[in-house]
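The file target.txt comes next; it holds compact mmCIF, N, CA and C atoms.
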# COMPACT_ATOMS: atom_id res chain seq x y z
N MET A 1 15.59 2.53 15.13
CA MET A 1 14.52 1.91 14.37
C MET A 1 14.82 2.04 12.89
N ASN A 2 14.38 1.05 12.12
CA ASN A 2 14.49 1.11 10.67
C ASN A 2 13.13 0.74 10.08
N ILE A 3 13.02 0.77 8.78
CA ILE A 3 11.72 0.53 8.13
C ILE A 3 11.21 -0.88 8.41
N ASP A 4 12.09 -1.86 8.48
CA ASP A 4 11.65 -3.23 8.78
C ASP A 4 11.01 -3.30 10.17
N ASP A 5 11.70 -2.73 11.17
CA ASP A 5 11.16 -2.73 12.54
C ASP A 5 9.85 -1.96 12.61
N PHE A 6 9.81 -0.80 11.95
CA PHE A 6 8.60 0.01 11.98
C PHE A 6 7.42 -0.77 11.38
N MET A 7 7.63 -1.38 10.23
CA MET A 7 6.54 -2.09 9.56
C MET A 7 6.07 -3.29 10.37
N LEU A 8 6.98 -3.97 11.05
CA LEU A 8 6.56 -5.06 11.93
C LEU A 8 5.68 -4.53 13.06
N GLY A 9 6.06 -3.38 13.64
CA GLY A 9 5.24 -2.76 14.68
C GLY A 9 3.92 -2.24 14.15
N TYR A 10 3.93 -1.67 12.95
CA TYR A 10 2.72 -1.15 12.29
C TYR A 10 1.74 -2.30 12.06
N LYS A 11 2.26 -3.40 11.53
CA LYS A 11 1.45 -4.61 11.29
C LYS A 11 0.84 -5.10 12.60
N ALA A 12 1.65 -5.22 13.64
CA ALA A 12 1.17 -5.72 14.93
C ALA A 12 0.11 -4.78 15.52
N ALA A 13 0.36 -3.47 15.46
CA ALA A 13 -0.59 -2.51 16.02
C ALA A 13 -1.93 -2.56 15.28
N TRP A 14 -1.87 -2.75 13.96
CA TRP A 14 -3.11 -2.79 13.19
C TRP A 14 -3.84 -4.11 13.42
N GLU A 15 -3.13 -5.22 13.34
CA GLU A 15 -3.78 -6.52 13.52
C GLU A 15 -4.33 -6.69 14.94
N GLN A 16 -3.65 -6.11 15.93
CA GLN A 16 -4.13 -6.19 17.31
C GLN A 16 -5.09 -5.05 17.65
N ARG A 17 -5.26 -4.13 16.70
CA ARG A 17 -6.17 -2.99 16.84
C ARG A 17 -5.89 -2.23 18.13
N ASP A 18 -4.61 -1.85 18.28
CA ASP A 18 -4.12 -1.28 19.54
C ASP A 18 -3.59 0.14 19.33
N PRO A 19 -4.37 1.17 19.73
CA PRO A 19 -3.93 2.56 19.55
C PRO A 19 -2.64 2.89 20.31
N GLY A 20 -2.48 2.35 21.51
CA GLY A 20 -1.28 2.62 22.29
C GLY A 20 -0.04 2.05 21.63
N MET A 21 -0.17 0.86 21.06
CA MET A 21 0.96 0.23 20.37
C MET A 21 1.35 1.05 19.14
N PHE A 22 0.34 1.56 18.43
CA PHE A 22 0.61 2.39 17.26
C PHE A 22 1.32 3.68 17.67
N ALA A 23 0.80 4.39 18.66
CA ALA A 23 1.39 5.66 19.09
C ALA A 23 2.81 5.46 19.61
N ALA A 24 3.09 4.31 20.23
CA ALA A 24 4.42 4.04 20.78
C ALA A 24 5.50 3.88 19.71
N LEU A 25 5.10 3.71 18.45
CA LEU A 25 6.09 3.64 17.37
C LEU A 25 6.73 4.99 17.08
N PHE A 26 6.08 6.06 17.53
CA PHE A 26 6.48 7.43 17.18
C PHE A 26 7.14 8.17 18.35
N LEU A 27 7.91 9.18 17.99
CA LEU A 27 8.40 10.13 18.98
C LEU A 27 7.20 10.83 19.61
N PRO A 28 7.36 11.43 20.81
CA PRO A 28 6.23 12.13 21.43
C PRO A 28 5.62 13.22 20.54
N ASP A 29 6.41 13.80 19.66
CA ASP A 29 5.89 14.82 18.74
C ASP A 29 5.86 14.31 17.30
N GLY A 30 5.85 12.98 17.14
CA GLY A 30 5.86 12.36 15.82
C GLY A 30 4.61 12.70 15.01
N GLU A 31 4.75 12.58 13.69
CA GLU A 31 3.66 12.90 12.78
C GLU A 31 3.30 11.70 11.91
N TYR A 32 2.00 11.55 11.69
CA TYR A 32 1.47 10.51 10.81
C TYR A 32 0.52 11.19 9.84
N HIS A 33 0.89 11.22 8.58
CA HIS A 33 0.06 11.82 7.53
C HIS A 33 -0.74 10.69 6.90
N ASN A 34 -2.00 10.53 7.33
CA ASN A 34 -2.81 9.43 6.82
C ASN A 34 -3.37 9.73 5.43
N THR A 35 -3.33 10.97 5.01
CA THR A 35 -3.58 11.39 3.63
C THR A 35 -2.63 12.56 3.40
N PRO A 36 -2.47 13.01 2.16
CA PRO A 36 -1.61 14.17 1.94
C PRO A 36 -2.11 15.44 2.64
N PHE A 37 -3.38 15.45 3.07
CA PHE A 37 -3.96 16.66 3.64
C PHE A 37 -4.35 16.55 5.10
N GLN A 38 -4.09 15.43 5.73
CA GLN A 38 -4.42 15.25 7.14
C GLN A 38 -3.20 14.73 7.88
N VAL A 39 -2.97 15.29 9.05
CA VAL A 39 -1.84 14.85 9.85
C VAL A 39 -2.26 14.72 11.31
N GLN A 40 -1.77 13.68 11.97
CA GLN A 40 -1.92 13.52 13.40
C GLN A 40 -0.54 13.75 14.01
N ARG A 41 -0.48 14.64 15.00
CA ARG A 41 0.79 14.98 15.64
C ARG A 41 0.73 14.66 17.13
N GLY A 42 1.75 14.01 17.61
CA GLY A 42 1.85 13.73 19.03
C GLY A 42 1.08 12.50 19.46
N THR A 43 1.47 11.99 20.60
CA THR A 43 0.95 10.73 21.11
C THR A 43 -0.57 10.72 21.22
N ALA A 44 -1.17 11.79 21.74
CA ALA A 44 -2.63 11.81 21.94
C ALA A 44 -3.37 11.73 20.61
N GLN A 45 -2.97 12.53 19.62
CA GLN A 45 -3.66 12.52 18.33
C GLN A 45 -3.43 11.20 17.59
N LEU A 46 -2.23 10.65 17.70
CA LEU A 46 -1.94 9.37 17.04
C LEU A 46 -2.84 8.27 17.61
N GLY A 47 -2.91 8.19 18.93
CA GLY A 47 -3.74 7.18 19.57
C GLY A 47 -5.22 7.37 19.26
N GLU A 48 -5.68 8.60 19.28
CA GLU A 48 -7.09 8.88 18.98
C GLU A 48 -7.43 8.49 17.55
N TYR A 49 -6.56 8.82 16.61
CA TYR A 49 -6.80 8.45 15.22
C TYR A 49 -6.88 6.93 15.07
N TRP A 50 -5.97 6.21 15.73
CA TRP A 50 -5.87 4.76 15.54
C TRP A 50 -7.05 4.01 16.16
N LYS A 51 -7.85 4.67 16.99
CA LYS A 51 -9.01 4.01 17.59
C LYS A 51 -9.98 3.50 16.53
N ARG A 52 -9.97 4.12 15.34
CA ARG A 52 -10.90 3.68 14.29
C ARG A 52 -10.66 2.23 13.88
N VAL A 53 -9.45 1.72 14.06
CA VAL A 53 -9.20 0.33 13.66
C VAL A 53 -9.92 -0.65 14.59
N GLN A 54 -10.40 -0.15 15.72
CA GLN A 54 -11.15 -1.03 16.62
C GLN A 54 -12.52 -1.37 16.05
N LEU A 55 -12.93 -0.70 14.96
CA LEU A 55 -14.18 -1.01 14.26
C LEU A 55 -13.94 -1.99 13.12
N GLN A 56 -12.74 -2.56 13.08
CA GLN A 56 -12.39 -3.54 12.06
C GLN A 56 -12.20 -4.89 12.75
N GLU A 57 -12.51 -5.96 12.03
CA GLU A 57 -12.31 -7.31 12.57
C GLU A 57 -11.53 -8.13 11.56
N ASP A 58 -10.89 -9.18 12.04
CA ASP A 58 -10.13 -10.09 11.18
C ASP A 58 -9.19 -9.32 10.27
N VAL A 59 -8.37 -8.47 10.89
CA VAL A 59 -7.42 -7.63 10.16
C VAL A 59 -6.19 -8.45 9.78
N GLN A 60 -5.79 -8.33 8.52
CA GLN A 60 -4.59 -9.01 8.03
C GLN A 60 -3.76 -8.00 7.26
N VAL A 61 -2.52 -7.81 7.70
CA VAL A 61 -1.62 -6.83 7.09
C VAL A 61 -0.40 -7.57 6.55
N SER A 62 -0.02 -7.22 5.33
CA SER A 62 1.23 -7.72 4.76
C SER A 62 1.99 -6.50 4.23
N PHE A 63 3.30 -6.65 4.10
CA PHE A 63 4.09 -5.54 3.58
C PHE A 63 5.35 -6.06 2.92
N GLU A 64 5.92 -5.18 2.10
CA GLU A 64 7.20 -5.43 1.44
C GLU A 64 8.01 -4.15 1.53
N VAL A 65 9.20 -4.22 2.07
CA VAL A 65 10.08 -3.06 2.12
C VAL A 65 10.62 -2.82 0.71
N LEU A 66 10.46 -1.59 0.24
CA LEU A 66 10.91 -1.23 -1.11
C LEU A 66 12.26 -0.54 -1.11
N ALA A 67 12.52 0.24 -0.06
CA ALA A 67 13.80 0.97 0.03
C ALA A 67 14.11 1.21 1.50
N THR A 68 15.39 1.16 1.81
CA THR A 68 15.81 1.40 3.18
C THR A 68 17.10 2.22 3.18
N ALA A 69 17.19 3.13 4.13
CA ALA A 69 18.39 3.94 4.35
C ALA A 69 18.60 4.00 5.86
N ALA A 70 19.67 4.66 6.28
CA ALA A 70 20.00 4.68 7.70
C ALA A 70 18.88 5.27 8.56
N THR A 71 18.21 6.31 8.08
CA THR A 71 17.18 6.97 8.90
C THR A 71 15.84 7.09 8.18
N SER A 72 15.61 6.28 7.17
CA SER A 72 14.34 6.36 6.46
C SER A 72 14.07 5.07 5.69
N GLY A 73 12.88 4.99 5.13
CA GLY A 73 12.54 3.83 4.32
C GLY A 73 11.17 3.97 3.69
N ILE A 74 10.90 3.08 2.75
CA ILE A 74 9.63 3.05 2.03
C ILE A 74 9.15 1.61 1.98
N ALA A 75 7.86 1.41 2.20
CA ALA A 75 7.28 0.07 2.15
C ALA A 75 5.94 0.11 1.43
N HIS A 76 5.63 -0.98 0.76
CA HIS A 76 4.31 -1.19 0.17
C HIS A 76 3.56 -2.07 1.15
N TRP A 77 2.32 -1.71 1.48
CA TRP A 77 1.53 -2.50 2.41
C TRP A 77 0.16 -2.80 1.83
N ARG A 78 -0.44 -3.86 2.33
CA ARG A 78 -1.78 -4.27 1.91
C ARG A 78 -2.50 -4.79 3.15
N THR A 79 -3.72 -4.32 3.34
CA THR A 79 -4.50 -4.70 4.51
C THR A 79 -5.89 -5.14 4.07
N THR A 80 -6.38 -6.20 4.66
CA THR A 80 -7.77 -6.58 4.49
C THR A 80 -8.39 -6.66 5.87
N TYR A 81 -9.68 -6.33 5.93
CA TYR A 81 -10.40 -6.43 7.19
C TYR A 81 -11.89 -6.53 6.93
N GLN A 82 -12.57 -7.08 7.90
CA GLN A 82 -14.02 -7.15 7.86
C GLN A 82 -14.57 -5.89 8.52
N VAL A 83 -15.41 -5.16 7.81
CA VAL A 83 -16.06 -4.00 8.40
C VAL A 83 -16.96 -4.51 9.52
N ALA A 84 -16.81 -3.92 10.70
CA ALA A 84 -17.53 -4.42 11.87
C ALA A 84 -18.70 -3.53 12.27
N SER A 85 -18.86 -2.39 11.57
CA SER A 85 -19.97 -1.52 11.94
C SER A 85 -20.41 -0.71 10.73
N GLU A 86 -21.68 -0.41 10.70
CA GLU A 86 -22.23 0.45 9.64
C GLU A 86 -21.57 1.82 9.70
N GLU A 87 -21.27 2.29 10.92
CA GLU A 87 -20.61 3.59 11.10
C GLU A 87 -19.26 3.62 10.37
N LEU A 88 -18.45 2.57 10.53
CA LEU A 88 -17.15 2.53 9.86
C LEU A 88 -17.32 2.52 8.35
N PHE A 89 -18.29 1.77 7.88
CA PHE A 89 -18.51 1.70 6.44
C PHE A 89 -18.91 3.07 5.89
N GLN A 90 -19.73 3.79 6.61
CA GLN A 90 -20.13 5.14 6.18
C GLN A 90 -18.93 6.09 6.21
N ILE A 91 -18.08 5.99 7.22
CA ILE A 91 -16.86 6.81 7.29
C ILE A 91 -15.98 6.52 6.09
N TRP A 92 -15.79 5.25 5.77
CA TRP A 92 -14.97 4.88 4.62
C TRP A 92 -15.54 5.49 3.34
N ALA A 93 -16.83 5.36 3.13
CA ALA A 93 -17.45 5.84 1.89
C ALA A 93 -17.28 7.36 1.76
N ARG A 94 -17.46 8.08 2.85
CA ARG A 94 -17.31 9.55 2.80
C ARG A 94 -15.85 9.94 2.57
N SER A 95 -14.92 9.22 3.17
CA SER A 95 -13.51 9.61 3.07
C SER A 95 -12.92 9.29 1.71
N THR A 96 -13.46 8.33 1.01
CA THR A 96 -12.89 7.96 -0.28
C THR A 96 -13.63 8.59 -1.45
N GLY A 97 -14.80 9.15 -1.19
CA GLY A 97 -15.60 9.69 -2.27
C GLY A 97 -16.17 8.61 -3.16
N THR A 98 -16.18 7.38 -2.67
CA THR A 98 -16.67 6.24 -3.44
C THR A 98 -18.10 5.96 -3.03
N PRO A 99 -18.97 5.68 -3.99
CA PRO A 99 -20.34 5.35 -3.61
C PRO A 99 -20.39 4.07 -2.78
N LEU A 100 -21.39 3.99 -1.95
CA LEU A 100 -21.56 2.79 -1.14
C LEU A 100 -21.87 1.59 -2.03
N VAL A 101 -21.46 0.43 -1.57
CA VAL A 101 -21.75 -0.81 -2.26
C VAL A 101 -23.26 -1.05 -2.14
N ALA A 102 -23.85 -1.48 -3.24
CA ALA A 102 -25.29 -1.79 -3.20
C ALA A 102 -25.52 -2.94 -2.23
N ARG A 103 -26.34 -2.69 -1.22
CA ARG A 103 -26.66 -3.71 -0.23
C ARG A 103 -28.13 -3.64 0.09
N LYS A 104 -28.69 -4.79 0.33
CA LYS A 104 -30.08 -4.87 0.76
C LYS A 104 -30.11 -4.98 2.28
N PRO A 105 -31.20 -4.57 2.90
CA PRO A 105 -31.29 -4.74 4.37
C PRO A 105 -30.96 -6.18 4.75
N GLY A 106 -30.12 -6.31 5.74
CA GLY A 106 -29.72 -7.64 6.20
C GLY A 106 -28.48 -8.19 5.54
N ASP A 107 -28.05 -7.58 4.41
CA ASP A 107 -26.80 -8.03 3.77
C ASP A 107 -25.63 -7.76 4.70
N PRO A 108 -24.64 -8.64 4.70
CA PRO A 108 -23.48 -8.41 5.57
C PRO A 108 -22.66 -7.22 5.09
N LEU A 109 -21.94 -6.64 6.03
CA LEU A 109 -21.01 -5.57 5.68
C LEU A 109 -19.85 -6.19 4.91
N PRO A 110 -19.22 -5.43 4.03
CA PRO A 110 -18.17 -6.01 3.18
C PRO A 110 -16.84 -6.18 3.90
N ARG A 111 -16.00 -6.97 3.28
CA ARG A 111 -14.60 -7.07 3.65
C ARG A 111 -13.88 -6.06 2.76
N MET A 112 -13.00 -5.26 3.35
CA MET A 112 -12.32 -4.19 2.62
C MET A 112 -10.88 -4.58 2.32
N VAL A 113 -10.37 -4.01 1.24
CA VAL A 113 -8.97 -4.16 0.85
C VAL A 113 -8.38 -2.76 0.77
N LEU A 114 -7.28 -2.55 1.45
CA LEU A 114 -6.54 -1.30 1.36
C LEU A 114 -5.16 -1.62 0.81
N ASP A 115 -4.69 -0.79 -0.09
CA ASP A 115 -3.37 -0.99 -0.69
C ASP A 115 -2.66 0.35 -0.66
N GLY A 116 -1.44 0.37 -0.16
CA GLY A 116 -0.78 1.65 -0.03
C GLY A 116 0.73 1.58 0.05
N VAL A 117 1.30 2.76 0.15
CA VAL A 117 2.75 2.93 0.29
C VAL A 117 2.98 3.81 1.51
N LEU A 118 3.98 3.48 2.28
CA LEU A 118 4.34 4.24 3.47
C LEU A 118 5.79 4.69 3.35
N GLN A 119 6.02 5.95 3.64
CA GLN A 119 7.37 6.51 3.68
C GLN A 119 7.60 6.98 5.12
N ALA A 120 8.70 6.61 5.72
CA ALA A 120 8.95 6.96 7.12
C ALA A 120 10.37 7.46 7.33
N THR A 121 10.49 8.35 8.32
CA THR A 121 11.78 8.88 8.76
C THR A 121 11.93 8.54 10.24
N PHE A 122 13.13 8.15 10.63
CA PHE A 122 13.36 7.67 11.99
C PHE A 122 14.40 8.52 12.71
N ASN A 123 14.22 8.59 14.02
CA ASN A 123 15.16 9.29 14.89
C ASN A 123 15.36 8.37 16.09
N GLY A 124 16.49 7.71 16.12
CA GLY A 124 16.74 6.75 17.20
C GLY A 124 15.81 5.56 17.09
N ASP A 125 15.14 5.25 18.20
CA ASP A 125 14.28 4.07 18.26
C ASP A 125 12.82 4.35 17.89
N HIS A 126 12.55 5.51 17.30
CA HIS A 126 11.16 5.86 17.00
C HIS A 126 11.04 6.51 15.63
N CYS A 127 9.82 6.55 15.16
CA CYS A 127 9.50 7.22 13.90
C CYS A 127 9.21 8.70 14.21
N SER A 128 9.79 9.58 13.43
CA SER A 128 9.49 11.01 13.58
C SER A 128 8.42 11.46 12.60
N LEU A 129 8.34 10.79 11.45
CA LEU A 129 7.40 11.18 10.41
C LEU A 129 7.05 9.98 9.55
N ALA A 130 5.77 9.75 9.37
CA ALA A 130 5.30 8.70 8.45
C ALA A 130 4.22 9.30 7.56
N ARG A 131 4.31 9.01 6.28
CA ARG A 131 3.31 9.45 5.30
C ARG A 131 2.81 8.21 4.57
N ILE A 132 1.48 8.13 4.41
CA ILE A 132 0.94 7.03 3.62
C ILE A 132 0.10 7.57 2.48
N TRP A 133 0.11 6.82 1.40
CA TRP A 133 -0.75 7.05 0.24
C TRP A 133 -1.45 5.73 0.01
N TRP A 134 -2.78 5.74 -0.09
CA TRP A 134 -3.51 4.50 -0.13
C TRP A 134 -4.82 4.64 -0.89
N HIS A 135 -5.38 3.49 -1.23
CA HIS A 135 -6.70 3.43 -1.82
C HIS A 135 -7.39 2.21 -1.24
N SER A 136 -8.72 2.25 -1.20
CA SER A 136 -9.46 1.12 -0.65
C SER A 136 -10.67 0.83 -1.50
N LEU A 137 -11.13 -0.42 -1.40
CA LEU A 137 -12.34 -0.83 -2.08
C LEU A 137 -12.85 -2.09 -1.42
N PRO A 138 -14.14 -2.36 -1.58
CA PRO A 138 -14.64 -3.62 -1.04
C PRO A 138 -14.00 -4.80 -1.77
N GLN A 139 -13.67 -5.83 -1.02
CA GLN A 139 -13.07 -7.03 -1.62
C GLN A 139 -14.13 -7.72 -2.50
N PRO A 140 -13.78 -8.06 -3.72
CA PRO A 140 -14.75 -8.76 -4.57
C PRO A 140 -15.21 -10.07 -3.91
N ALA A 141 -16.46 -10.40 -4.13
CA ALA A 141 -17.02 -11.63 -3.54
C ALA A 141 -16.40 -12.86 -4.16
Write-out of the structure in C-alpha cells:
Amino acid sequence: MNIDDFMLGYKAAWEQRDPGMFAALFLPDGEYHNTPFQVQRGTAQLGEYWKRVQLQEDVQVSFEVLATAATSGIAHWRTTYQVASEELFQIWARSTGTPLVARKPGDPLPRMVLDGVLQATFNGDHCSLARIWWHSLPQPA
C-alpha cells in the first residue's frame, strides 16, 4: 500500500460511511490518531470509532497527496458533510471547543467542512499508523 491507495480507500470508507471498510485499511494492530491525544488501536477500536460517520449524510471527500515515500506519505484532505443528527452536532461542538452555531428551533442542522492533513506509515498492503490534524467549522451559508 502507498499513500495514494490509502487515501482512495479512506475517501471510499468515509463517503460510504463504512466502519469495516475503514478498519480494513489497517493492520490488525494498526493505529489511527484522530487527534494528537486520542488513538484507536486494532480492528475493533478502529471500526467502533468510524461508526460516528454514519451520523453524516452527503459526505464528499477530496484529497491531494503532498509527499510519498516507499513506506509512508502525507496528504491534505477536505471533507464536507451534512450533519444528520443533533447528537453529532453536539459531539462536534464539544470536541472542537467551538460554540454552537446560533440556531432557532426548527432551523436545519448545518453542513460541516473539515480540513486536515494525514500522515501514514505502511507495512505491506496495510497502514500501520495514521495521524491526522484537522479543524472543522460549519460551512458558510
From the set A:Asn2, A:Gln54, A:Thr43, A:Gln16, which residue has the shortest atom-to-atom contact distance to Thr71 of chain A, counting all atoms listed in the file?
A:Asn2
So, counting all atoms listed in the file, which residue among A:Ile132, A:Ala120, A:Ile3, A:Met112 is closest to His33 of chain A?
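The shortest atom-to-atom distance to His33 of chain A comes from A:Ile132.
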Any idea what's packed within 6 Å of Val83 of chain A, counting all atoms listed in the file, ignoring anything in its chain fewer than 5 positions away? Could you give it as a ChimeraX atom specification?
/A:55-57,109-112
Take the residues from that selection and write them out as a PDB file, keeping the file's coordinate frame, keeping N, CA and C atoms.
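Final output, saved to selection_32.pdb:
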ATOM      1  N   LEU A  55     -12.930  -0.700  14.960  1.00  0.00           N
ATOM      2  CA  LEU A  55     -14.180  -1.010  14.260  1.00  0.00           C
ATOM      3  C   LEU A  55     -13.940  -1.990  13.120  1.00  0.00           C
ATOM      4  N   GLN A  56     -12.740  -2.560  13.080  1.00  0.00           N
ATOM      5  CA  GLN A  56     -12.390  -3.540  12.060  1.00  0.00           C
ATOM      6  C   GLN A  56     -12.200  -4.890  12.750  1.00  0.00           C
ATOM      7  N   GLU A  57     -12.510  -5.960  12.030  1.00  0.00           N
ATOM      8  CA  GLU A  57     -12.310  -7.310  12.570  1.00  0.00           C
ATOM      9  C   GLU A  57     -11.530  -8.130  11.560  1.00  0.00           C
ATOM     10  N   LEU A 109     -21.940  -6.640   6.030  1.00  0.00           N
ATOM     11  CA  LEU A 109     -21.010  -5.570   5.680  1.00  0.00           C
ATOM     12  C   LEU A 109     -19.850  -6.190   4.910  1.00  0.00           C
ATOM     13  N   PRO A 110     -19.220  -5.430   4.030  1.00  0.00           N
ATOM     14  CA  PRO A 110     -18.170  -6.010   3.180  1.00  0.00           C
ATOM     15  C   PRO A 110     -16.840  -6.180   3.900  1.00  0.00           C
ATOM     16  N   ARG A 111     -16.000  -6.970   3.280  1.00  0.00           N
ATOM     17  CA  ARG A 111     -14.600  -7.070   3.650  1.00  0.00           C
ATOM     18  C   ARG A 111     -13.880  -6.060   2.760  1.00  0.00           C
ATOM     19  N   MET A 112     -13.000  -5.260   3.350  1.00  0.00           N
ATOM     20  CA  MET A 112     -12.320  -4.190   2.620  1.00  0.00           C
ATOM     21  C   MET A 112     -10.880  -4.580   2.320  1.00  0.00           C
TER      22      MET A 112
END
Length of the atom CA of Leu66 of chain A to atom CA of Arg78 of chain A vector [Å]:
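Interatomic distance, atom CA of Leu66 of chain A to atom CA of Arg78 of chain A: 13.4 Å.
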Those of segment 40-84 of chain A in DSSP strand (DSSP E), formatted as a VMD selection string
chain A and resid 40 to 41 56 to 69 72 to 83
Write down as a PyMOL selection string the residues of segment 6-134 of chain A whose backbone DSSP state falls under alpha helix (DSSP H).
chain A and resi 6-15+19-23+42-50+86-96
Nearest to Ala24 of chain A among A:Leu137, A:Cys127, A:Leu118, A:Phe63, with distances taken over all atoms listed in the file: which residue is it?
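Among A:Leu137, A:Cys127, A:Leu118, A:Phe63, it is A:Cys127 that comes nearest to Ala24 of chain A.
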For a cutoff of 9 Å around the file-coordinate point (-11.4, -3.6, -1.1), which residues qualify once you count only C-alpha atoms? I'd like the result as JSON, numbers by chain.
{"A": [79, 80, 81, 110, 111, 112, 113, 114, 115, 135, 136, 137, 138, 139, 140]}
Mind writing the picked residues with N, CA and C atoms as a PDB file, in the frame of the given file?
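Result file selection-v3.pdb:
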ATOM      1  N   THR A  79      -3.720  -4.320   3.340  1.00  0.00           N
ATOM      2  CA  THR A  79      -4.500  -4.700   4.510  1.00  0.00           C
ATOM      3  C   THR A  79      -5.890  -5.140   4.070  1.00  0.00           C
ATOM      4  N   THR A  80      -6.380  -6.200   4.660  1.00  0.00           N
ATOM      5  CA  THR A  80      -7.770  -6.580   4.490  1.00  0.00           C
ATOM      6  C   THR A  80      -8.390  -6.660   5.870  1.00  0.00           C
ATOM      7  N   TYR A  81      -9.680  -6.330   5.930  1.00  0.00           N
ATOM      8  CA  TYR A  81     -10.400  -6.430   7.190  1.00  0.00           C
ATOM      9  C   TYR A  81     -11.890  -6.530   6.930  1.00  0.00           C
ATOM     10  N   PRO A 110     -19.220  -5.430   4.030  1.00  0.00           N
ATOM     11  CA  PRO A 110     -18.170  -6.010   3.180  1.00  0.00           C
ATOM     12  C   PRO A 110     -16.840  -6.180   3.900  1.00  0.00           C
ATOM     13  N   ARG A 111     -16.000  -6.970   3.280  1.00  0.00           N
ATOM     14  CA  ARG A 111     -14.600  -7.070   3.650  1.00  0.00           C
ATOM     15  C   ARG A 111     -13.880  -6.060   2.760  1.00  0.00           C
ATOM     16  N   MET A 112     -13.000  -5.260   3.350  1.00  0.00           N
ATOM     17  CA  MET A 112     -12.320  -4.190   2.620  1.00  0.00           C
ATOM     18  C   MET A 112     -10.880  -4.580   2.320  1.00  0.00           C
ATOM     19  N   VAL A 113     -10.370  -4.010   1.240  1.00  0.00           N
ATOM     20  CA  VAL A 113      -8.970  -4.160   0.850  1.00  0.00           C
ATOM     21  C   VAL A 113      -8.380  -2.760   0.770  1.00  0.00           C
ATOM     22  N   LEU A 114      -7.280  -2.550   1.450  1.00  0.00           N
ATOM     23  CA  LEU A 114      -6.540  -1.300   1.360  1.00  0.00           C
ATOM     24  C   LEU A 114      -5.160  -1.620   0.810  1.00  0.00           C
ATOM     25  N   ASP A 115      -4.690  -0.790  -0.090  1.00  0.00           N
ATOM     26  CA  ASP A 115      -3.370  -0.990  -0.690  1.00  0.00           C
ATOM     27  C   ASP A 115      -2.660   0.350  -0.660  1.00  0.00           C
ATOM     28  N   HIS A 135      -5.380   3.490  -1.230  1.00  0.00           N
ATOM     29  CA  HIS A 135      -6.700   3.430  -1.820  1.00  0.00           C
ATOM     30  C   HIS A 135      -7.390   2.210  -1.240  1.00  0.00           C
ATOM     31  N   SER A 136      -8.720   2.250  -1.200  1.00  0.00           N
ATOM     32  CA  SER A 136      -9.460   1.120  -0.650  1.00  0.00           C
ATOM     33  C   SER A 136     -10.670   0.830  -1.500  1.00  0.00           C
ATOM     34  N   LEU A 137     -11.130  -0.420  -1.400  1.00  0.00           N
ATOM     35  CA  LEU A 137     -12.340  -0.830  -2.080  1.00  0.00           C
ATOM     36  C   LEU A 137     -12.850  -2.090  -1.420  1.00  0.00           C
ATOM     37  N   PRO A 138     -14.140  -2.360  -1.580  1.00  0.00           N
ATOM     38  CA  PRO A 138     -14.640  -3.620  -1.040  1.00  0.00           C
ATOM     39  C   PRO A 138     -14.000  -4.800  -1.770  1.00  0.00           C
ATOM     40  N   GLN A 139     -13.670  -5.830  -1.020  1.00  0.00           N
ATOM     41  CA  GLN A 139     -13.070  -7.030  -1.620  1.00  0.00           C
ATOM     42  C   GLN A 139     -14.130  -7.720  -2.500  1.00  0.00           C
ATOM     43  N   PRO A 140     -13.780  -8.060  -3.720  1.00  0.00           N
ATOM     44  CA  PRO A 140     -14.750  -8.760  -4.570  1.00  0.00           C
ATOM     45  C   PRO A 140     -15.210 -10.070  -3.910  1.00  0.00           C
TER      46      PRO A 140
END
Could you check how far atom CA of Glu87 of chain A sits from atom N of Asn34 of chain A, in Å to one decimal?
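Separation of atom CA of Glu87 of chain A and atom N of Asn34 of chain A: 20.2 Å.
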Coordinates-based distance that separates atom CA of Gly30 of chain A from atom CA of Asp125 of chain A (Å, one decimal):
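One can read the atom CA of Asp125 of chain A to atom CA of Gly30 of chain A distance as 12.1 Å.
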